[in-house]
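This report refers to the structure that appears directly beneath it.
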Protein chains: 4
Amino acid sequence: MQKRKVCVVVASRANYGRIKSVMYHVKQHPDLELQLVVSASALLYRFGNVIEIIRRDGFEPNATVYLVVEGENPTTMAKSTGLAIVELATIFGNLQPDLVLTVADRYETIATAIAASYMNIPVAHTQGGEVTGSIDESVRHAVTKLSHLHFPATRQSAQNLIRMGEDPDTVFFTGCPSLDIVAALDLTLSEDVLQRYGGTGNRLDISKPYLVVLQHPVTTEYGQGFHQVNETLKAIMSVGMQAIWLWPNVDAGSDDVSKGLRMFRERHQPNNLMFYRNFAVEDYARLINSAACIVGNSSSAIREGAFLGVPAVNIGSRQQGREHGPNVLHADYEASSIQTAIHKQVVHGKYQPSALFGDGTAGKQITEILASADIQIQKRLAY
Amino acid sequence: MQKRKVCVVVASRANYGRIKSVMYHVKQHPDLELQLVVSASALLYRFGNVIEIIRRDGFEPNATVYLVVEGENPTTMAKSTGLAIVELATIFGNLQPDLVLTVADRYETIATAIAASYMNIPVAHTQGGEVTGSIDESVRHAVTKLSHLHFPATRQSAQNLIRMGEDPDTVFFTGCPSLDIVAALDLTLSEDVLQRYGGTGNRLDISKPYLVVLQHPVTTEYGQGFHQVNETLKAIMSVGMQAIWLWPNVDAGSDDVSKGLRMFRERHQPNNLMFYRNFAVEDYARLINSAACIVGNSSSAIREGAFLGVPAVNIGSRQQGREHGPNVLHADYEASSIQTAIHKQVVHGKYQPSALFGDGTAGKQITEILASADIQIQKRLAY
Amino acid sequence: MQKRKVCVVVASRANYGRIKSVMYHVKQHPDLELQLVVSASALLYRFGNVIEIIRRDGFEPNATVYLVVEGENPTTMAKSTGLAIVELATIFGNLQPDLVLTVADRYETIATAIAASYMNIPVAHTQGGEVTGSIDESVRHAVTKLSHLHFPATRQSAQNLIRMGEDPDTVFFTGCPSLDIVAALDLTLSEDVLQRYGGTGNRLDISKPYLVVLQHPVTTEYGQGFHQVNETLKAIMSVGMQAIWLWPNVDAGSDDVSKGLRMFRERHQPNNLMFYRNFAVEDYARLINSAACIVGNSSSAIREGAFLGVPAVNIGSRQQGREHGPNVLHADYEASSIQTAIHKQVVHGKYQPSALFGDGTAGKQITEILASADIQIQKRLAY
Amino acid sequence: MQKRKVCVVVASRANYGRIKSVMYHVKQHPDLELQLVVSASALLYRFGNVIEIIRRDGFEPNATVYLVVEGENPTTMAKSTGLAIVELATIFGNLQPDLVLTVADRYETIATAIAASYMNIPVAHTQGGEVTGSIDESVRHAVTKLSHLHFPATRQSAQNLIRMGEDPDTVFFTGCPSLDIVAALDLTLSEDVLQRYGGTGNRLDISKPYLVVLQHPVTTEYGQGFHQVNETLKAIMSVGMQAIWLWPNVDAGSDDVSKGLRMFRERHQPNNLMFYRNFAVEDYARLINSAACIVGNSSSAIREGAFLGVPAVNIGSRQQGREHGPNVLHADYEASSIQTAIHKQVVHGKYQPSALFGDGTAGKQITEILASADIQIQKRLAY
């Protein structure tokens with residue numbers, strides 16, 4: 001029997017962490033062949049050269065494709081989506097995968113789903129059915145409607161998918177593969193971890209309490225990122241703790257957030273902040289595990305945060321409506337609100353781990369289903 | 001108060017017939033400004049130069065954009081989608097619409113919805129919530145998840161949209177605007193109508209009974225179009241009635257269908273078939289109104305067919321699952337099945353008109369809502 | 001030593017015939033590896049599925065890429081060029097060729113040259129330095145300015161390249177590889193050749209005198225193709241000989257020419273014309289070799305025509321200024337001028353063969369140079 | 001008589017400075033209508049938001065188009081070119097210019113020339129016929145072969161164009177329009193000029209001697225930019241003078257140069273360097289006019305530098321072979337070579353002004369020719 005060719009399109013650092021465990025298991029599976037396409041911000045120096053990490057992890061891309069149209073605004077986000085579809089169609093046409101696997105809710109995700117759908121290649125999708133803010137909310141559900149196999153990360157999400165009209169036989173609650181890596185990991189933090197990644201700013205002392213901050217733009221609040229990140233900066237300065245700060249992702253408004261960070265740094269020359277582009281998936285897990293609190297609007301605070309019991313302060317609307325464990329406190333885009341929340345969380349310390357987003361076996365489960373699923377290319381609303 | 005700019009993207013002959021009545025009312029409305037983009041197959045000679053008809057109807061495009069990547073296969077269908085997004089993003093960026101209106105379930109539809117969504121321009125969508133076959137089924141629901149205002153054509157579709165998690169306050173059952181034109185029309189058929197449109201083949205006598213045939217490729221059954229159309233051809237020849245045959249649309253597999261038609265014509269030199277690229281919306285309505293039966297898999301048989309009570313034979317899976325009135329009989333991709341059904345329908349004659357797809361006031365209703373709706377750019381699953 | 005990877009981009013039937021002999025020799029050469037990209041009209045059914053012929057000839061593409069934006073007008077010709085560059089950049093990025101070989105003067109040619117140039121991949125170019133009409137004239141010389149190795153087909157062209165400022169050490173007069181195939185060929189015409197290629201119209205009798213007609217649109221005279229081809233049709237009908245007619249290429253205005261042909265066929269039902277999409281390179285050579293006259297504006301009349309001594313009537317401006325042998329008579333876009341010229345040529349019969357465009361060893365010569373050339377990536381005007 | 005529509009595509013800060021004077025005169029001319037397209041890096045914050053300056057100067061774009069594919073490497077440079085052609089074709093199709101004016105030798109330049117050429121829109125080109133290094137050398141001459149009107153900046157360049165086979169009747173030596181602005185300018189430097197443009201680093205005192213540094217990547221030496229800029233940095237630090245440093249342009253390798261600058265800044269915290277994204281054309285002229293020396297590989301050192309007599313040190317191969325006045329000394333990519341040259345130039349002080357690149361009337365001359373030229377769309381090698 002010929003192996004089923006499973007094509008994974010990795011497009012960003014977040015993407016990779018959430019699918020790496022599946023890639024690993026697909027590569028090992030006797031009935032599956034892994035095809036890997038690396039694209040978008042995963043190829044860019046500015047976002048930490050994720051492709052280098054992928055290669056070091058032992059995965060060799062079948063194709064790479066540059067497709068980010070520069071500008072980081074709503075227009076270029078749309079254009080990058082279009083360019084992604086054009087290019088992925090050619091790549092899928094040449095690689096001839098039997099199945100395409102796409103992650104979450106980014107523009108590369110929907111580009112992958114559209115290219116594959118029109119080409120009659122079945123689409124498997126992780127993280128469907130979740131509820132959040134930003135354009136991600138619309139895109140995630142649109143991708144669901146284009147997908148043939150669903151691997152939601154929570155039971156509630158699985159329920160949502162079925163309510164939305166997906167055939168229950170195609171919905172598999174597996175948990176999120178991002179937790180597989182965390183579950184299997186020696187979480188000991190090596191002292192030189194920050195050195196290894198370069199970064200700009202003052203060197204921090206990770207034997208002392210620190211924050212991890214990651215604040216992305218909210219596309220549906222385009223134009224407000226500069227103000228939003230300034231409130232966070234003010235809060236962090238008031239708190240006074242040292243902080244590891246990751247640059248935001250490539251979405252519309254990223255420029256505003258980055259500009260806010262750069263201008264603040266120029267003016268205030270803060271000696272408690274260190275800025276990074278990216279960490280290997282494992283080191284990121286170790287860093288947040290030992291953090292006093294994760295601050296911002298990254299879903300990692302909610303996902304890996306819950307699993308590890310790390311106190312988290314979620315700011316603003318980006319994750320609004322998303323299921324979360326007890327480790328999350330919400331704050332508005334307002335320095336005092338953020339500061340108060342951080343303070344509470346640092347005082348509280350670690351939470352009980354939660355299996356809301358899975359038990360660390362998602363990759364293995366998903367791979368088995370990919371290998372055995374009988375897939376109908378013609379979808380139909382299942383009411 | 002500044003007028004709300006409503007941008008309509010017309011991409012095919014079918015598109016135009018289904019939105020023309022809205023365009024007319026938007027253009028008249030004191031609080032609205034119509035922006036028109038004409039693209040894709042609506043610009044191509046091979047599909048009847050729809051843009052000429054649009055201009056003759058008094059609408060002047062703000063922009064035209066060629067975006068069909070030639071090949072008529074699954075790969076090029078995907079690529080055309082991508083190219084459409086790239087170009088529409090630039091066009092929307094320059095036209096700055098307040099709202100984009102997109103029709104039904106074609107690749108240009110989802111391209112329009114994606115470009116607008118990422119650009120924080122609200123999307124209004126007609127014909128959501130319907131159930132069919134082909135990739136249209138997936139695409140239609142994906143567009144729903146990207147849309148902010150829904151104008152479903154049937155009550156059942158409206159219900160489906162709400163079950164899929166759309167906010168009931170954004171779902172308006174208006175019926176299908178394609179019927180507005182039919183409702184307002186003098187349906188008398190002018191004798192020279194066929195002459196005016198050129199066409200190839202023997203001239204028909206429309207004072208005698210005739211069929212109208214329109215069979216599109218089914219993208220999810222790519223590769224079978226040649227066989228499928230041959231069965232229909234065999235059936236039509238057995239029936240022996242004269243037939244007006246429209247060339248298929250631009251979807252993947254169109255080449256196969258056209259090749260089937262051309263080869264049949266070369267070999268059999270049929271003297272009862274006449275082939276056309278396109279008719280004006282009104283003339284098409286008149287032609288089907290007087291037809292003994294509509295044959296194929298076009299939704300016009302179901303939509304306008306129901307309203308006019310025209311007997312219709314629907315072939316294969318393209319409309320599978322779609323609501324329809326009593327005027328529709330189904331047939332498999334098999335000559336004898338098709339022939340039997342046509343025979344029954346011709347004997348039966350006209351049906352009672354049905355208001356399943358609306359009462360002919362959709363355009364006016366939609367326009368009022370477009371003018372007054374309070375739209376939230378941030379969507380959220382409404383469970 | 002690692003083999004030098006030579007990437008050939010084949011984009012049309014004409015392209016292929018002109019480079020096939022080089023492909024063959026590169027594939028055999030111990031120091032070279034052939035990479036093949038098939039694209040544009042070479043993938044399309046409408047142009048005779050050239051890719052099938054390529055595969056039958058034993059060449060397996062490393063990648064295929066659809067890139068023709070439909071419309072056949074000046075706008076879509078430009079867009080196809082752009083799309084070609086976008087896609088070829090990704091493909092070259094993944095194939096990592098050491099050298100790219102591009103043919104003649106088409107939009108795919110300049111797209112190839114631009115993609116490779118910006119990627120610091122040396123460009124080798126055939127047929128540079130020739131003089132003609134149409135946009136090809138500008139494009140051919142622009143490609144020269146982007147190319148690192150030149151393989152002109154005539155001595156005069158080689159001189160032109162050097163006068164244009166190309167380094168004489170990079171200019172190699174080799175003749176045109178299209179003649180290699182002709183030189184090596186058994187030119188006997190098999191009786192069933194026309195049957196094998198399908199074609200539409202009345203079956204011809206190739207044991208009797210026949211014409212071969214091939215008339216492309218002239219892009220710089222866009223809008224006049226319909227009129228131009230009608231003059232040719234009138235002339236052919238007046239001459240009254242049977243004719244094998246090839247559909248035009250994909251350039252802007254092709255639609256007009258095709259429409260002219262189709263309308264003429266519908267109206268006059270000519271029984272002496274047979275229309276074809278494409279022939280294998282070898283069969284085309286055999287067909288023109290036995291033809292009473294080649295008519296139209298294809299460069300094959302000038303190139304292979306000279307080598308074989310076939311009488312040719314060249315119509316209009318497309319080949320204006322091109323060197324040619326004694327076998328060519330010129331005619332205006334006027335039926336009587338064309339008819340007179342055809343008459344003269346049929347009466348004259350075969351000409352002495354001419355080696356103006358080479359002696360049939362170009363492929364071998366070019367391949368040796370590709371294998372051994374020392375190439376400087378930085379060009380400089382050589383005055 | 002209808003006005004002749006002249007479309008100018010501005011794509012970068014350098015572009016704008018070199019064409020602004022023509023835009024001004026075209027806008028004033030009674031027989032001409034200015035159409036303006038702003039695109040590429042001229043739209044990006046990272047390159048100083050050139051579009052804001054354009055708007056402040058009183059020019060309102062007819063269209064803007066984002067087209068830079070992020071990555072700053074050879075692949076993305078090619079892809080940006082392709083994307084530019086795709087988009088410009090649509091824009092030209094909608095704006096319907098009678099003539100397109102394109103500047104110098106950038107990828108946006110050739111994209112403009114290709115789109116217009118295939119669309120039968122005559123192309124006017126400035127700065128043709130010059131000789132330099134980098135891919136610009138090839139691209140400049142390729143654009144020449146696509147252009148219908150040539151406005152070279154020097155007599156030698158005009159000669160080169162004619163030798164390359166351009167019709168002498170289409171070649172007009174006008175000088176470079178960039179000098180028009182300089183010639184008409186009050187060159188007094190306002191004290192707060194640096195403040196107004198932000199910039200990062202220590203505030204400089206422009207009443208004391210300073211350098212202006214601008215070092216772009218050399219695409220044909222891709223991968224060496226990091227090393228190259230480090231040599232320059234070392235030289236500047238050894239010289240010890242304060243310096244105004246402009247970030248490099250968007251070409252392949254820009255990332256390397258920027259990375260070199262950023263890493264140096266992090267490590268050495270130099271207090272004599274101030275980094276800027278962009279200046280208004282006039283302020284840039286004032287700044288270099290008062291500079292002790294211009295250092296790097298920008299053509300402004302050669303062009304405006306000659307006109308103003310500013311001492312300049314040109315580093316490496318980017319301008320190799322370019323005509324220049326007495327104000328230029330060359331240096332290798334080596335700190336000591338650069339340092340020695342700067343030292344000599346600072347000691348020498350101002351040079352005699354040179355009219356090598358024109359006398360400051362180019363814009364007016366070009367505009368008159370654009371208004372009156374009789375243009376043949378069909379080009380032909382003029383030997």
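Following the order of the structure tokens, chains are lettered A, B, ..., residues in each are numbered from 1, and ligands are numbered from 1.
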TODO: Could the residues of chain C within 8 Å of chain D, counting only C-alpha atoms, be given as a PyMOL selection string, please?
DONE: chain C and resi 74-87+89-90+93+114-120+131-135+137-139+141-146+163-165+219-220+377-381
TODO: Identify all residues of segment 10-181 of chain C in helix (DSSP H, G or I) (DSSP on the backbone) and supply them as a ChimeraX atom specification.
DONE: /C:13-28,40-43,45-47,50-56,74-95,107-118,134-146,155-163,168-170,178-181
Deliver the residues from the most recent selection as a file, using C-alpha atoms, as an mmCIF file, in the first residue's frame.
```cif
data_model
loop_
_atom_site.group_PDB
_atom_site.id
_atom_site.type_symbol
_atom_site.label_atom_id
_atom_site.label_comp_id
_atom_site.auth_asym_id
_atom_site.auth_seq_id
_atom_site.Cartn_x
_atom_site.Cartn_y
_atom_site.Cartn_z
ATOM 1 C CA ARG C 13 4.909 24.644 -28.347
ATOM 2 C CA ALA C 14 7.270 27.025 -30.179
ATOM 3 C CA ASN C 15 9.597 27.176 -27.167
ATOM 4 C CA TYR C 16 9.850 23.454 -27.000
ATOM 5 C CA GLY C 17 10.757 22.880 -30.631
ATOM 6 C CA ARG C 18 13.504 25.457 -30.327
ATOM 7 C CA ILE C 19 15.141 24.020 -27.242
ATOM 8 C CA LYS C 20 14.427 20.293 -27.363
ATOM 9 C CA SER C 21 17.753 19.462 -28.941
ATOM 10 C CA VAL C 22 19.605 21.312 -26.168
ATOM 11 C CA MET C 23 17.540 19.507 -23.535
ATOM 12 C CA TYR C 24 18.502 16.231 -25.098
ATOM 13 C CA HIS C 25 22.209 16.995 -25.062
ATOM 14 C CA VAL C 26 22.179 18.486 -21.561
ATOM 15 C CA LYS C 27 20.473 15.367 -20.271
ATOM 16 C CA GLN C 28 23.236 13.210 -21.781
ATOM 17 C CA ALA C 40 2.126 28.653 -19.448
ATOM 18 C CA SER C 41 0.456 27.531 -22.665
ATOM 19 C CA ALA C 42 2.562 24.363 -22.766
ATOM 20 C CA LEU C 43 0.188 23.040 -20.069
ATOM 21 C CA TYR C 45 -5.342 21.713 -23.776
ATOM 22 C CA ARG C 46 -6.259 24.640 -25.980
ATOM 23 C CA PHE C 47 -2.658 24.769 -27.226
ATOM 24 C CA VAL C 50 2.544 20.231 -25.207
ATOM 25 C CA ILE C 51 3.428 18.688 -21.847
ATOM 26 C CA GLU C 52 2.154 15.331 -23.065
ATOM 27 C CA ILE C 53 4.519 15.469 -26.017
ATOM 28 C CA ILE C 54 7.373 16.476 -23.727
ATOM 29 C CA ARG C 55 6.684 13.492 -21.477
ATOM 30 C CA ARG C 56 6.425 11.150 -24.441
ATOM 31 C CA PRO C 74 -2.487 43.508 -23.423
ATOM 32 C CA THR C 75 -3.441 43.680 -19.736
ATOM 33 C CA THR C 76 -3.487 39.938 -19.206
ATOM 34 C CA MET C 77 -0.259 39.488 -21.132
ATOM 35 C CA ALA C 78 1.435 41.817 -18.652
ATOM 36 C CA LYS C 79 -0.201 40.057 -15.718
ATOM 37 C CA SER C 80 0.866 36.649 -16.940
ATOM 38 C CA THR C 81 4.430 37.950 -17.060
ATOM 39 C CA GLY C 82 4.193 39.116 -13.458
ATOM 40 C CA LEU C 83 2.620 35.911 -12.246
ATOM 41 C CA ALA C 84 5.341 33.964 -14.028
ATOM 42 C CA ILE C 85 8.056 35.851 -12.170
ATOM 43 C CA VAL C 86 6.392 35.343 -8.787
ATOM 44 C CA GLU C 87 6.091 31.617 -9.343
ATOM 45 C CA LEU C 88 9.437 31.025 -11.038
ATOM 46 C CA ALA C 89 11.192 32.755 -8.143
ATOM 47 C CA THR C 90 9.742 30.213 -5.731
ATOM 48 C CA ILE C 91 10.551 27.355 -8.081
ATOM 49 C CA PHE C 92 14.131 28.506 -8.681
ATOM 50 C CA GLY C 93 14.471 29.018 -4.918
ATOM 51 C CA ASN C 94 13.528 25.392 -4.385
ATOM 52 C CA LEU C 95 15.385 23.853 -7.369
ATOM 53 C CA TYR C 107 6.710 36.918 -21.971
ATOM 54 C CA GLU C 108 7.708 33.699 -20.294
ATOM 55 C CA THR C 109 11.237 34.350 -21.569
ATOM 56 C CA ILE C 110 11.588 37.720 -19.911
ATOM 57 C CA ALA C 111 9.875 36.432 -16.787
ATOM 58 C CA THR C 112 12.478 33.688 -16.582
ATOM 59 C CA ALA C 113 15.327 36.105 -17.184
ATOM 60 C CA ILE C 114 14.120 38.560 -14.539
ATOM 61 C CA ALA C 115 13.500 35.945 -11.869
ATOM 62 C CA ALA C 116 16.915 34.380 -12.430
ATOM 63 C CA SER C 117 18.745 37.719 -12.686
ATOM 64 C CA TYR C 118 17.500 39.024 -9.373
ATOM 65 C CA SER C 134 5.635 43.048 -32.290
ATOM 66 C CA ILE C 135 6.514 43.469 -28.614
ATOM 67 C CA ASP C 136 8.852 40.513 -29.128
ATOM 68 C CA GLU C 137 11.367 42.942 -30.584
ATOM 69 C CA SER C 138 11.660 44.945 -27.364
ATOM 70 C CA VAL C 139 11.467 41.922 -25.117
ATOM 71 C CA ARG C 140 14.165 40.004 -26.983
ATOM 72 C CA HIS C 141 16.676 42.818 -26.551
ATOM 73 C CA ALA C 142 15.700 43.380 -22.915
ATOM 74 C CA VAL C 143 16.351 39.688 -22.252
ATOM 75 C CA THR C 144 19.752 40.093 -23.892
ATOM 76 C CA LYS C 145 20.616 42.807 -21.389
ATOM 77 C CA LEU C 146 19.743 40.424 -18.550
ATOM 78 C CA ARG C 155 26.052 35.646 -37.613
ATOM 79 C CA GLN C 156 24.293 38.961 -38.024
ATOM 80 C CA SER C 157 22.498 38.494 -34.700
ATOM 81 C CA ALA C 158 25.794 37.744 -33.011
ATOM 82 C CA GLN C 159 27.122 41.008 -34.401
ATOM 83 C CA ASN C 160 24.069 42.871 -33.164
ATOM 84 C CA LEU C 161 24.588 41.530 -29.640
ATOM 85 C CA ILE C 162 28.142 42.786 -29.547
ATOM 86 C CA ARG C 163 27.133 46.174 -30.920
ATOM 87 C CA PRO C 168 32.071 39.364 -27.115
ATOM 88 C CA ASP C 169 33.417 36.547 -24.934
ATOM 89 C CA THR C 170 29.843 35.702 -23.952
ATOM 90 C CA SER C 178 15.296 24.000 -33.842
ATOM 91 C CA LEU C 179 17.222 22.987 -36.970
ATOM 92 C CA ASP C 180 19.026 20.152 -35.193
ATOM 93 C CA ILE C 181 15.830 18.170 -35.133
#
```
Task: Contacts of segment 192-196 of chain D at 10 Å (only C-alpha atoms; same-chain gap of 2+ positions) as a ChimeraX atom specification - done: /D:189-190,198-199,203-206,244,274,276,279,283-284,286-287
Task: Surrounding residues of segment 345-362 of chain C excluding itself and chain neighbours under 4 positions, 6 Å, only C-alpha atoms, as a list in words - done: Ala153, Thr154, Thr174, Gly175, Cys176, Pro177, Leu179, Asp180, Ala183, Ala292, Ala306, Phe307, Leu308, Gly309, Val310, Pro311, Asn327 and Ile366 of chain C
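The list of residues with at least one atom within 8 Å of Ile342 of chain B, based on only C-alpha atoms and without residues fewer than 3 positions apart in the same chain, reads Val239, Cys293, Val295, Ala312, Val313, Ile338, Gln339, Gln345 and Val346 of chain B.
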Any chance you can output those residues with C-alpha atoms as an mmCIF file, in the first residue's frame?
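And here is the file that came out, out.cif:
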```cif
data_model
loop_
_atom_site.group_PDB
_atom_site.id
_atom_site.type_symbol
_atom_site.label_atom_id
_atom_site.label_comp_id
_atom_site.auth_asym_id
_atom_site.auth_seq_id
_atom_site.Cartn_x
_atom_site.Cartn_y
_atom_site.Cartn_z
ATOM 1 C CA VAL B 239 -35.848 13.098 -26.474
ATOM 2 C CA CYS B 293 -38.183 22.074 -19.393
ATOM 3 C CA VAL B 295 -32.253 20.526 -17.892
ATOM 4 C CA ALA B 312 -36.899 21.264 -14.386
ATOM 5 C CA VAL B 313 -34.722 18.181 -14.469
ATOM 6 C CA ILE B 338 -32.384 11.989 -17.599
ATOM 7 C CA GLN B 339 -34.553 11.138 -20.587
ATOM 8 C CA GLN B 345 -41.694 17.111 -17.058
ATOM 9 C CA VAL B 346 -42.635 17.966 -20.637
#
```
- [ ] Select, from B:Glu334, B:Ser372, B:Val212, B:Gly260, the residue with the minimum atom-to-atom distance to Ser300 of chain B, counting only C-alpha atoms.
- [x] B:Val212
- [ ] Point out the residue among B:Ala285, B:Ala371, B:Gly128, B:Asn49 with the least atom-to-atom distance to Val171 of chain B, counting only C-alpha atoms.
- [x] B:Gly128
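Closest approach to Gln319 of chain D from the set D:Gly253, D:Pro217, D:Pro248, D:Pro97 is made by D:Pro217, with distances taken over only C-alpha atoms.
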TODO: Write out as a count of residues only all residues of segment 96-206 of chain C that backbone DSSP assigns to strand (DSSP E or B).
DONE: 15
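One distance worth recording is that between atom CA of Asn249 of chain B and atom CA of Arg303 of chain B, which is 17.5 Å.
Candidate residues D:Glu266, D:Tyr66, D:Trp247, D:Ser238 were compared for distance to Asn202 of chain A, and the nearest is D:Glu266, using only C-alpha atoms.
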